[in-house]
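J.: My questions all concern the structure below.
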Amino acid sequence: MLAAILWASSGTAGKALFETGITPFELVQIRLTLSTVLMALFFGIFSRELFRIRLKDIAYFILIGGVAMAMVQSTYFYAISKIQVAAATLIQYLSPILVAIYSVCFWKERLTPAKLIALVLSLGGCYLVAGGYDLQLLQMNLLGIVGGLGAAVSGAGYTLLGEQGMHRYKPSTVLFYAMAFGALTWHIIYPPFHYLEAGFSIDQWKLILYIVVMGTIIPFGLYFVGINYIRSTRAIITATLEPISAGFIAFFFLGEALETLQIIGGMVVLGAIVLLQTQREYNEMAPELIRARRT
């Protein structure tokens with residue numbers, strides 16, 4: 001929940017940066033690069049053992065960072081540039097369905113009635129908060145829809161890969177190498193080190209640093225810790241608190257009014273999160289997984 005709230009707060013800073021002329025792709029490159037540098041400095045001073053990974057796992061980190069992290073950071077912004085923000089958000093939050101389907105089909109996770117209800121409620125609430133009832137959302141183009149679907153797929157992939165990696169590594173290690181390989185990808189597909197000669201102002205750098213620390217390192221770290229405790233399906237459904245938080249933050253700081261249906265949608269998502277977290281994950285696992293954990 002803290003991760004979702006921080007992601008939402010950084011959206012306000014990102015919107016302010018876009019209004020000053022910074023492009024979404026510039027922000028993605030800077031965000032990943034500075035996050036990697038700051039985490040490397042922290043590990044180097046306090047926890048060098050977090051750098052250690054097995055050589056055979058390089059391919060995994062390339063996949064979660066160079067592909068999933070790089071995509072999840074960019075496809076959503078691309079969708080926003082092509083279609084309305086509400087529509088892009090709505091499409092992006094199809095990812096909990098993808099995570100739930102994958103977990104049930106391949107990880108033998110039980111789709112309990114409570115989890116299914118929470119999934120439906122969270123998606124319905126996001127639909128209302130995003131303003132999906134507005135007929136103008138039908139004015140979408142194909143590229144924008146593809147971008148939104150890309151955000152949903154990459155977000156689901158990132159979540160599932162994160163859970164898989166934390167069977168072998170601490171969340172901090174997985175996050176660091178995901179950021180590092182994501183930054184590498186963006187220095188390959190976008191002009192490298194463009195931000196060093198872009199001439200950003202002090203105010204712009206303040207917003208960038210806020211997004212890097214409070215909108216990237218801390219919330220992604222919290223999200224991975226959450227996955228480590230409550231598994232992928234619960235974590236990503238809980239993260240649907242993000243658009244609700246964004247709506248309220250925009251109301252207080254940007255003066256963007258919330259309509260009645262949007263407020264109702266927020267209450268529905270909060271109800272889904274409460275329902276989800278009151279269930280015991282242990283009792284929802286397949287018997288063979290319970291035996292394995294006991295062993």
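Order determines the names: the first chain of the structure tokens is A, the second B, and so forth; residues in each chain are numbered 1 upward, and ligands are numbered 1 upward as they are shown.
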Contacts between range 47-50 of chain A and range 156-176 of chain A, please, where a residue of range 156-176 of chain A counts if it comes within 8 Å (with only C-alpha atoms); show its shortest atom pair and distance in Å to one decimal, rows by chain and ascending number, as a tab-separated table.
T.:
```
residue	atom	partner	partner_atom	distance
A:Lys170	CA	A:Leu50	CA	7.7
A:Ser172	CA	A:Leu50	CA	7.2
A:Thr173	CA	A:Leu50	CA	5.4
```
J.: Which residues, written as a ChimeraX atom specification, have at least one atom at most 7 Å from Ala79 in chain A, with only C-alpha atoms counted and residues fewer than 6 positions away on the same chain left out?
T.: /A:88,144-145,147-148
J.: Using DSSP secondary structure from the backbone, list all helix (DSSP H, G or I) positions within range 114-259 of chain A, as a PyMOL selection string.
T.: chain A and resi 114-129+135-138+142-165+171-189+194-197+202-238+241-253
J.: When distances are computed from only C-alpha atoms, which of A:Val120, A:Lys15, A:Tyr195, A:Gln164 shows the smallest separation from Trp107 in chain A?
T.: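 Among the listed residues, A:Gln164 lies closest to Trp107 in chain A.
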J.: Would you please work out which residue, of A:Gly66, A:Gly150, A:Gly14, A:Gly271, is nearest to Ala246 in chain A when using only C-alpha atoms?
T.: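 Nearest to Ala246 in chain A: A:Gly14.
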J.: Between A:Gly226, A:Gly124, A:Gly221, A:Pro96, single out the one closest to Met179 in chain A, counting only C-alpha atoms.
T.: A:Gly221
J.: Sorted by chain and rising residue number, which residues of range 149-215 of chain A lie within 8 Å of range 18-28 of chain A, and what are their closest atom pairs and distances in Å to one decimal, counting only C-alpha atoms, as JSON lines?
T.:
```
{"residue": "A:Trp186", "atom": "CA", "partner": "A:Val28", "partner_atom": "CA", "distance": 7.9}
{"residue": "A:Tyr190", "atom": "CA", "partner": "A:Phe25", "partner_atom": "CA", "distance": 7.9}
{"residue": "A:His194", "atom": "CA", "partner": "A:Glu26", "partner_atom": "CA", "distance": 7.8}
{"residue": "A:Tyr195", "atom": "CA", "partner": "A:Glu26", "partner_atom": "CA", "distance": 7.3}
{"residue": "A:Ile208", "atom": "CA", "partner": "A:Leu27", "partner_atom": "CA", "distance": 7.7}
```
J.: Do a neighbour search on Ile53 in chain A at 10 Å with only C-alpha atoms, toss out local chain neighbours closer than 5 positions, and write the hits as an mmCIF file with N, CA and C atoms, in the first residue's frame.
T.:
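Wrote part_26.cif, looks like this:
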```
data_model
loop_
_atom_site.group_PDB
_atom_site.id
_atom_site.type_symbol
_atom_site.label_atom_id
_atom_site.label_comp_id
_atom_site.auth_asym_id
_atom_site.auth_seq_id
_atom_site.Cartn_x
_atom_site.Cartn_y
_atom_site.Cartn_z
ATOM 1 N N ILE A 58 22.401 -14.467 -14.682
ATOM 2 C CA ILE A 58 22.502 -13.236 -15.471
ATOM 3 C C ILE A 58 21.337 -13.124 -16.457
ATOM 4 N N PHE A 61 18.260 -11.799 -14.761
ATOM 5 C CA PHE A 61 18.290 -10.374 -14.474
ATOM 6 C C PHE A 61 18.173 -9.533 -15.756
ATOM 7 N N ARG A 168 15.661 -16.808 -4.425
ATOM 8 C CA ARG A 168 17.107 -17.001 -4.351
ATOM 9 C C ARG A 168 17.857 -15.783 -3.813
ATOM 10 N N TYR A 169 17.261 -14.578 -3.947
ATOM 11 C CA TYR A 169 17.961 -13.361 -3.554
ATOM 12 C C TYR A 169 17.065 -12.478 -2.698
ATOM 13 N N THR A 173 18.585 -6.925 -3.809
ATOM 14 C CA THR A 173 19.450 -7.395 -4.890
ATOM 15 C C THR A 173 18.679 -7.504 -6.197
ATOM 16 N N VAL A 174 17.485 -8.084 -6.130
ATOM 17 C CA VAL A 174 16.654 -8.208 -7.336
ATOM 18 C C VAL A 174 16.333 -6.833 -7.900
ATOM 19 N N TYR A 177 19.557 -5.030 -9.639
ATOM 20 C CA TYR A 177 19.930 -5.520 -10.972
ATOM 21 C C TYR A 177 18.803 -5.309 -11.989
#
```
J.: Restricting the calculation to only C-alpha atoms: of A:Tyr133, A:Leu119, A:Leu149, A:Leu63, which residue gets closest to Tyr78 in chain A?
T.: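 The shortest atom-to-atom distance to Tyr78 in chain A comes from A:Leu149.
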J.: With distances taken over only C-alpha atoms, which residue among A:Leu222, A:Val269, A:Ile211, A:Ile202 lies nearest Ile117 in chain A?
T.: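 Ranking A:Leu222, A:Val269, A:Ile211, A:Ile202 by distance to Ile117 in chain A, first place goes to A:Val269.
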